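To start, the structure itself, in structure tokens.
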Number of protein chains: 2
Amino acid sequence: MARFMDVHDGFVGVTAQQLGEAHEADLAIEGEEGVHFERAWLDPEQGKVFCLSTGPSRDHVARVHEKAGHPTTEIYEIPVDIS
Amino acid sequence: MARFMDVHDGFVGVTAQQLGEAHEADLAIEGEEGVHFERAWLDPEQGKVFCLSTGPSRDHVARVHEKAGHPTTEIYEIPVDIS
């Protein structure tokens, strides 16, 4: 299992509730792809969303977001994590 | 105090140790700007680094990274955080 950060554009003006609904849509189907979305962060001014997940591959992460209605092609595998 | 995600390019082939050293360089001076870097993630294949921080403003975060020798202009304020 690997860890991923993916990035979405175009979320200008999105509210916390709307992000929560989008995240719930991911959580509802992520099991089909063996993915788990751990966290998400939103900059509603610049319209950026960052999602932190674990899963088998970038393609699996991409499929969850696509099925949930908010596709992105910008997905990074992040084997190095400092906390 | 606000929360920020910043993004760096060009870190292709960087090792965990090198990222750790860059992160330590931030931690050593972050107090001067009232910033704290909480986490960092690296994709050494695509050369991307993501840093999660708290601080007074984007400019303060930018100054720490600049002083530490790895400037970026891509900094997002992320008031919405789902975990």
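Identifiers in the structure tokens: chain A, B, ... in order shown; residue index from 1 per chain; ligand index from 1 in order shown.
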Checklist entry - Quick one: residues within 8 Å of region 12-14 of chain B, only C-alpha atoms counted, chain neighbours fewer than 6 positions away excluded, as a ChimeraX atom specification? => result /B:43-48
Could you name the residues that touch Leu52 (chain B) at 7 Å or less, counting only C-alpha atoms, but leaving out those on the same chain fewer than 5 positions away, as a PDB file with N, CA and C atoms, in the first residue's frame?
```pdb
ATOM      1  N   PHE B   4      -1.560  26.455   6.160  1.00  0.00           N
ATOM      2  CA  PHE B   4      -1.111  26.584   4.774  1.00  0.00           C
ATOM      3  C   PHE B   4      -0.593  25.254   4.228  1.00  0.00           C
ATOM      4  N   MET B   5      -0.777  25.090   2.904  1.00  0.00           N
ATOM      5  CA  MET B   5      -0.101  24.018   2.173  1.00  0.00           C
ATOM      6  C   MET B   5       0.745  24.695   1.111  1.00  0.00           C
ATOM      7  N   ASP B   6       2.042  24.382   1.083  1.00  0.00           N
ATOM      8  CA  ASP B   6       2.845  24.928  -0.003  1.00  0.00           C
ATOM      9  C   ASP B   6       3.449  23.792  -0.820  1.00  0.00           C
ATOM     10  N   PHE B  37       6.174  24.369  10.707  1.00  0.00           N
ATOM     11  CA  PHE B  37       5.971  23.351   9.685  1.00  0.00           C
ATOM     12  C   PHE B  37       5.657  22.033  10.368  1.00  0.00           C
ATOM     13  N   GLU B  38       4.447  21.512  10.081  1.00  0.00           N
ATOM     14  CA  GLU B  38       3.969  20.305  10.764  1.00  0.00           C
ATOM     15  C   GLU B  38       4.374  19.023  10.048  1.00  0.00           C
ATOM     16  N   ARG B  39       4.186  19.021   8.730  1.00  0.00           N
ATOM     17  CA  ARG B  39       4.466  17.803   7.959  1.00  0.00           C
ATOM     18  C   ARG B  39       5.003  18.168   6.582  1.00  0.00           C
ATOM     19  N   ALA B  40       5.664  17.212   5.970  1.00  0.00           N
ATOM     20  CA  ALA B  40       6.125  17.386   4.589  1.00  0.00           C
ATOM     21  C   ALA B  40       6.081  16.030   3.896  1.00  0.00           C
TER      22      ALA B  40
END
```
Item to check | Between CA of Ser83 (chain A) and CA of Ala62 (chain A) - distance in Å to one decimal | outcome: 25.4 Å
Checklist entry - What lies within 12 Å of Ile75 (chain B) using only C-alpha atoms, ignoring chain neighbours under 2 positions off, as JSON, numbers by chain? => result {"A": [43, 45, 46, 48], "B": [3, 4, 5, 6, 7, 8, 49, 50, 51, 52, 53, 54, 55, 57, 58, 59, 60, 61, 62, 63, 65, 71, 72, 73, 77, 78]}
Atoms kept (N, CA, C and O atoms) for selection, written as a CSV table (one decimal), in the first residue's frame:
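Full text of part21.csv as output:
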```csv
chain,number,residue,atom,x,y,z
A,43,ASP,N,-8.4,25.4,-0.2
A,43,ASP,CA,-8.2,26.8,-0.3
A,43,ASP,C,-9.3,27.4,-1.2
A,43,ASP,O,-9.2,27.3,-2.5
A,45,GLU,N,-10.2,30.3,-1.9
A,45,GLU,CA,-9.9,31.5,-2.6
A,45,GLU,C,-9.2,31.2,-3.9
A,45,GLU,O,-9.6,31.7,-5.0
A,46,GLN,N,-8.2,30.3,-3.9
A,46,GLN,CA,-7.5,29.9,-5.1
A,46,GLN,C,-8.1,28.7,-5.7
A,46,GLN,O,-7.7,28.3,-6.8
A,48,LYS,N,-8.1,25.5,-4.7
A,48,LYS,CA,-7.3,24.2,-4.7
A,48,LYS,C,-7.8,23.3,-3.6
A,48,LYS,O,-8.1,23.7,-2.5
B,3,ARG,N,-3.7,28.1,8.5
B,3,ARG,CA,-3.0,26.9,8.0
B,3,ARG,C,-2.7,27.0,6.5
B,3,ARG,O,-3.5,27.6,5.8
B,4,PHE,N,-1.6,26.5,6.2
B,4,PHE,CA,-1.1,26.6,4.8
B,4,PHE,C,-0.6,25.3,4.2
B,4,PHE,O,0.0,24.4,5.0
B,5,MET,N,-0.8,25.1,2.9
B,5,MET,CA,-0.1,24.0,2.2
B,5,MET,C,0.7,24.7,1.1
B,5,MET,O,0.2,25.5,0.3
B,6,ASP,N,2.0,24.4,1.1
B,6,ASP,CA,2.8,24.9,0.0
B,6,ASP,C,3.4,23.8,-0.8
B,6,ASP,O,3.6,22.7,-0.4
B,7,VAL,N,3.8,24.1,-2.0
B,7,VAL,CA,4.2,23.1,-3.0
B,7,VAL,C,5.5,23.6,-3.7
B,7,VAL,O,5.7,24.7,-4.0
B,8,HIS,N,6.5,22.6,-3.8
B,8,HIS,CA,7.8,22.8,-4.4
B,8,HIS,C,7.9,21.9,-5.6
B,8,HIS,O,7.5,20.7,-5.5
B,49,VAL,N,7.2,18.5,-3.6
B,49,VAL,CA,7.2,18.5,-2.2
B,49,VAL,C,6.0,19.3,-1.7
B,49,VAL,O,5.7,20.4,-2.3
B,50,PHE,N,5.3,18.8,-0.7
B,50,PHE,CA,4.1,19.5,-0.1
B,50,PHE,C,4.5,19.7,1.4
B,50,PHE,O,4.9,18.7,2.0
B,51,CYS,N,4.3,20.9,1.9
B,51,CYS,CA,4.5,21.2,3.3
B,51,CYS,C,3.3,21.8,3.9
B,51,CYS,O,2.7,22.7,3.3
B,52,LEU,N,2.9,21.2,5.0
B,52,LEU,CA,1.8,21.7,5.8
B,52,LEU,C,2.3,22.5,7.0
B,52,LEU,O,3.2,22.1,7.7
B,53,SER,N,1.7,23.7,7.1
B,53,SER,CA,2.3,24.6,8.2
B,53,SER,C,1.1,25.5,8.8
B,53,SER,O,0.0,25.5,8.2
B,54,THR,N,1.5,26.1,9.9
B,54,THR,CA,0.6,27.1,10.5
B,54,THR,C,1.5,28.4,10.6
B,54,THR,O,2.7,28.3,10.7
B,55,GLY,N,0.8,29.5,10.5
B,55,GLY,CA,1.5,30.8,10.6
B,55,GLY,C,0.6,32.0,10.4
B,55,GLY,O,-0.6,31.8,10.2
B,57,SER,N,0.6,34.3,7.9
B,57,SER,CA,0.2,34.6,6.6
B,57,SER,C,1.1,33.8,5.6
B,57,SER,O,2.1,33.3,6.0
B,58,ARG,N,0.6,33.9,4.3
B,58,ARG,CA,1.4,33.2,3.3
B,58,ARG,C,2.8,33.8,3.2
B,58,ARG,O,3.8,33.1,2.9
B,59,ASP,N,2.9,35.1,3.3
B,59,ASP,CA,4.2,35.8,3.2
B,59,ASP,C,5.2,35.3,4.3
B,59,ASP,O,6.4,35.1,4.0
B,60,HIS,N,4.7,35.0,5.5
B,60,HIS,CA,5.5,34.5,6.6
B,60,HIS,C,6.1,33.2,6.2
B,60,HIS,O,7.2,32.9,6.4
B,61,VAL,N,5.2,32.3,5.7
B,61,VAL,CA,5.6,31.0,5.3
B,61,VAL,C,6.7,31.1,4.2
B,61,VAL,O,7.7,30.4,4.2
B,62,ALA,N,6.4,32.0,3.2
B,62,ALA,CA,7.3,32.1,2.1
B,62,ALA,C,8.7,32.6,2.6
B,62,ALA,O,9.7,32.1,2.0
B,63,ARG,N,8.7,33.5,3.6
B,63,ARG,CA,10.0,34.0,4.0
B,63,ARG,C,10.8,32.9,4.7
B,63,ARG,O,12.1,32.8,4.6
B,65,HIS,N,10.8,29.6,4.0
B,65,HIS,CA,11.3,28.8,2.9
B,65,HIS,C,12.5,29.5,2.2
B,65,HIS,O,13.4,28.8,1.8
B,71,PRO,N,13.0,28.4,-1.8
B,71,PRO,CA,11.8,29.3,-2.0
B,71,PRO,C,10.7,28.7,-2.8
B,71,PRO,O,11.0,27.8,-3.7
B,72,THR,N,9.5,29.1,-2.6
B,72,THR,CA,8.4,28.7,-3.5
B,72,THR,C,7.4,29.9,-3.4
B,72,THR,O,7.3,30.6,-2.4
B,73,THR,N,6.7,30.1,-4.5
B,73,THR,CA,5.6,31.1,-4.6
B,73,THR,C,4.3,30.4,-4.5
B,73,THR,O,3.3,31.1,-4.5
B,77,GLU,N,-3.6,29.1,1.4
B,77,GLU,CA,-4.2,29.1,2.7
B,77,GLU,C,-5.4,28.2,2.7
B,77,GLU,O,-6.2,28.2,1.8
B,78,ILE,N,-5.4,27.2,3.7
B,78,ILE,CA,-6.4,26.2,3.7
B,78,ILE,C,-7.2,26.2,5.0
B,78,ILE,O,-7.0,25.4,5.9
```
Next on the checklist: Run DSSP on the backbone and tell me which residues of region 37-82 of chain B come out as strand (DSSP E or B); list them as a list in words.
Outcome noted: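 Filtering region 37-82 of chain B down to strand (DSSP E or B) leaves Phe37, Glu38, Arg39, Ala40, Trp41, Leu42, Asp43, Lys48, Val49, Phe50, Cys51, Leu52, Ser53, Thr54, Gly55, Ile75, Tyr76, Glu77, Val80, Asp81 and Ile82 of chain B.
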Could you pull the residues within 9 Å of Val64 (chain A), counting only C-alpha atoms, minus those fewer than 3 positions along the same chain, as a PDB file with N, CA and C atoms, in the first residue's frame?
```
ATOM      1  N   ASP A  26     -16.361  10.250  -1.958  1.00  0.00           N
ATOM      2  CA  ASP A  26     -15.168   9.398  -2.109  1.00  0.00           C
ATOM      3  C   ASP A  26     -15.210   8.226  -1.132  1.00  0.00           C
ATOM      4  N   LEU A  27     -15.491   8.544   0.134  1.00  0.00           N
ATOM      5  CA  LEU A  27     -15.468   7.505   1.172  1.00  0.00           C
ATOM      6  C   LEU A  27     -16.483   6.401   0.875  1.00  0.00           C
ATOM      7  N   ILE A  29     -17.315   5.021  -1.846  1.00  0.00           N
ATOM      8  CA  ILE A  29     -16.954   4.059  -2.898  1.00  0.00           C
ATOM      9  C   ILE A  29     -15.481   3.659  -2.884  1.00  0.00           C
ATOM     10  N   GLU A  30     -14.686   4.266  -1.995  1.00  0.00           N
ATOM     11  CA  GLU A  30     -13.239   4.045  -2.040  1.00  0.00           C
ATOM     12  C   GLU A  30     -12.863   2.576  -1.850  1.00  0.00           C
ATOM     13  N   GLY A  31     -13.709   1.835  -1.095  1.00  0.00           N
ATOM     14  CA  GLY A  31     -13.409   0.434  -0.828  1.00  0.00           C
ATOM     15  C   GLY A  31     -13.348  -0.416  -2.090  1.00  0.00           C
ATOM     16  N   GLU A  32     -14.104   0.002  -3.111  1.00  0.00           N
ATOM     17  CA  GLU A  32     -14.104  -0.741  -4.387  1.00  0.00           C
ATOM     18  C   GLU A  32     -12.718  -0.771  -5.021  1.00  0.00           C
ATOM     19  N   GLU A  33     -11.913   0.226  -4.700  1.00  0.00           N
ATOM     20  CA  GLU A  33     -10.581   0.345  -5.296  1.00  0.00           C
ATOM     21  C   GLU A  33      -9.466   0.101  -4.272  1.00  0.00           C
ATOM     22  N   VAL A  35      -8.802   1.923  -1.745  1.00  0.00           N
ATOM     23  CA  VAL A  35      -8.230   3.233  -1.418  1.00  0.00           C
ATOM     24  C   VAL A  35      -8.857   3.737  -0.123  1.00  0.00           C
ATOM     25  N   ASP A  59      -3.549   5.039 -10.210  1.00  0.00           N
ATOM     26  CA  ASP A  59      -4.740   4.765 -11.012  1.00  0.00           C
ATOM     27  C   ASP A  59      -5.950   4.446 -10.135  1.00  0.00           C
ATOM     28  N   HIS A  60      -5.719   3.717  -9.049  1.00  0.00           N
ATOM     29  CA  HIS A  60      -6.834   3.393  -8.153  1.00  0.00           C
ATOM     30  C   HIS A  60      -7.394   4.664  -7.514  1.00  0.00           C
ATOM     31  N   VAL A  61      -6.503   5.550  -7.083  1.00  0.00           N
ATOM     32  CA  VAL A  61      -6.955   6.826  -6.493  1.00  0.00           C
ATOM     33  C   VAL A  61      -7.741   7.620  -7.538  1.00  0.00           C
ATOM     34  N   LYS A  67     -15.122   8.308 -10.330  1.00  0.00           N
ATOM     35  CA  LYS A  67     -16.458   7.754 -10.075  1.00  0.00           C
ATOM     36  C   LYS A  67     -17.277   8.677  -9.178  1.00  0.00           C
ATOM     37  N   ALA A  68     -16.600   9.380  -8.264  1.00  0.00           N
ATOM     38  CA  ALA A  68     -17.303  10.255  -7.316  1.00  0.00           C
ATOM     39  C   ALA A  68     -17.645  11.607  -7.945  1.00  0.00           C
ATOM     40  N   GLY A  69     -17.162  11.834  -9.166  1.00  0.00           N
ATOM     41  CA  GLY A  69     -17.579  13.038  -9.880  1.00  0.00           C
ATOM     42  C   GLY A  69     -16.626  14.212  -9.813  1.00  0.00           C
ATOM     43  N   HIS A  70     -15.413  13.992  -9.255  1.00  0.00           N
ATOM     44  CA  HIS A  70     -14.436  15.089  -9.230  1.00  0.00           C
ATOM     45  C   HIS A  70     -13.058  14.552  -9.630  1.00  0.00           C
ATOM     46  N   PRO A  71     -12.944  14.245 -10.937  1.00  0.00           N
ATOM     47  CA  PRO A  71     -11.695  13.651 -11.437  1.00  0.00           C
ATOM     48  C   PRO A  71     -10.507  14.612 -11.359  1.00  0.00           C
TER      49      PRO A  71
END
```
Next on the checklist: Taking only C-alpha atoms into account, name the residue in B:Glu66, B:Trp41, B:Ala25, B:Leu19 that is nearest to chain A.
Outcome noted: B:Trp41
Checklist entry - By how many Å are CA of Pro79 (chain B) and CA of Asp81 (chain A) apart? => result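 Here the two named atoms are 22.2 Å from each other.
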Checklist entry - When distances are computed from only C-alpha atoms, which of A:Ala22, A:Met1, A:Ala28, A:Leu42 shows the smallest separation from chain B? => result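 That would be A:Leu42, the residue with the smallest distance to chain B.
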Item to check | Atom pair CA of Val80 (chain B) / CA of Pro56 (chain B): separation (Å) | outcome: 16.2 Å
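DSSP annotation of chain B from backbone atoms: alpha helix (DSSP H) residues are B:Ala16, B:Gln17, B:Gln18, B:Leu19, B:Gly20, B:Glu21, B:Ala22, B:His23, B:Glu24, B:Ala25, B:Asp26, B:Leu27, B:Ala28, B:Ile29, B:Arg58, B:Asp59, B:His60, B:Val61, B:Ala62, B:Arg63, B:Val64, B:His65, B:Glu66, B:Lys67.
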Based on the selection just made, write N, CA, C and O atoms of those residues as a CSV table (one decimal), in the first residue's frame.
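again00.csv, written as the output of this step:
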```csv
chain,number,residue,atom,x,y,z
B,16,ALA,N,15.0,10.7,1.3
B,16,ALA,CA,14.4,11.0,2.6
B,16,ALA,C,15.3,11.9,3.5
B,16,ALA,O,14.9,12.8,4.2
B,17,GLN,N,16.6,11.5,3.5
B,17,GLN,CA,17.5,12.2,4.3
B,17,GLN,C,17.7,13.7,3.9
B,17,GLN,O,17.7,14.6,4.7
B,18,GLN,N,17.7,13.9,2.6
B,18,GLN,CA,17.8,15.3,2.1
B,18,GLN,C,16.6,16.1,2.4
B,18,GLN,O,16.7,17.3,2.7
B,19,LEU,N,15.4,15.5,2.3
B,19,LEU,CA,14.2,16.2,2.6
B,19,LEU,C,14.2,16.5,4.1
B,19,LEU,O,13.8,17.6,4.5
B,20,GLY,N,14.7,15.5,4.9
B,20,GLY,CA,14.8,15.8,6.3
B,20,GLY,C,15.7,17.0,6.7
B,20,GLY,O,15.4,17.8,7.5
B,21,GLU,N,16.8,17.1,6.0
B,21,GLU,CA,17.7,18.2,6.2
B,21,GLU,C,17.1,19.5,5.8
B,21,GLU,O,17.2,20.5,6.5
B,22,ALA,N,16.3,19.5,4.7
B,22,ALA,CA,15.6,20.8,4.2
B,22,ALA,C,14.6,21.1,5.3
B,22,ALA,O,14.4,22.3,5.6
B,23,HIS,N,13.9,20.1,5.8
B,23,HIS,CA,12.8,20.4,6.8
B,23,HIS,C,13.5,20.9,8.1
B,23,HIS,O,12.9,21.9,8.7
B,24,GLU,N,14.6,20.4,8.5
B,24,GLU,CA,15.3,20.9,9.7
B,24,GLU,C,15.7,22.3,9.5
B,24,GLU,O,15.7,23.1,10.4
B,25,ALA,N,16.1,22.7,8.3
B,25,ALA,CA,16.5,24.1,8.0
B,25,ALA,C,15.4,25.0,8.2
B,25,ALA,O,15.5,26.1,8.7
B,26,ASP,N,14.2,24.6,7.8
B,26,ASP,CA,13.0,25.4,8.1
B,26,ASP,C,12.7,25.5,9.6
B,26,ASP,O,12.4,26.6,10.1
B,27,LEU,N,12.7,24.3,10.3
B,27,LEU,CA,12.4,24.3,11.7
B,27,LEU,C,13.4,25.2,12.5
B,27,LEU,O,13.0,25.8,13.5
B,28,ALA,N,14.6,25.3,12.0
B,28,ALA,CA,15.6,26.0,12.8
B,28,ALA,C,15.4,27.5,12.8
B,28,ALA,O,15.8,28.2,13.7
B,29,ILE,N,14.6,28.0,11.8
B,29,ILE,CA,14.4,29.5,11.7
B,29,ILE,C,12.9,29.9,11.7
B,29,ILE,O,12.6,31.0,11.7
B,58,ARG,N,0.6,33.9,4.3
B,58,ARG,CA,1.4,33.2,3.3
B,58,ARG,C,2.8,33.8,3.2
B,58,ARG,O,3.8,33.1,2.9
B,59,ASP,N,2.9,35.1,3.3
B,59,ASP,CA,4.2,35.8,3.2
B,59,ASP,C,5.2,35.3,4.3
B,59,ASP,O,6.4,35.1,4.0
B,60,HIS,N,4.7,35.0,5.5
B,60,HIS,CA,5.5,34.5,6.6
B,60,HIS,C,6.1,33.2,6.2
B,60,HIS,O,7.2,32.9,6.4
B,61,VAL,N,5.2,32.3,5.7
B,61,VAL,CA,5.6,31.0,5.3
B,61,VAL,C,6.7,31.1,4.2
B,61,VAL,O,7.7,30.4,4.2
B,62,ALA,N,6.4,32.0,3.2
B,62,ALA,CA,7.3,32.1,2.1
B,62,ALA,C,8.7,32.6,2.6
B,62,ALA,O,9.7,32.1,2.0
B,63,ARG,N,8.7,33.5,3.6
B,63,ARG,CA,10.0,34.0,4.0
B,63,ARG,C,10.8,32.9,4.7
B,63,ARG,O,12.1,32.8,4.6
B,64,VAL,N,10.2,32.0,5.4
B,64,VAL,CA,11.0,30.9,6.1
B,64,VAL,C,11.6,30.0,5.0
B,64,VAL,O,12.8,29.7,5.0
B,65,HIS,N,10.8,29.6,4.0
B,65,HIS,CA,11.3,28.8,2.9
B,65,HIS,C,12.5,29.5,2.2
B,65,HIS,O,13.4,28.8,1.8
B,66,GLU,N,12.3,30.8,2.0
B,66,GLU,CA,13.3,31.5,1.2
B,66,GLU,C,14.6,31.6,2.0
B,66,GLU,O,15.7,31.3,1.5
B,67,LYS,N,14.5,31.9,3.3
B,67,LYS,CA,15.7,32.0,4.1
B,67,LYS,C,16.4,30.7,4.2
B,67,LYS,O,17.6,30.6,4.4
```
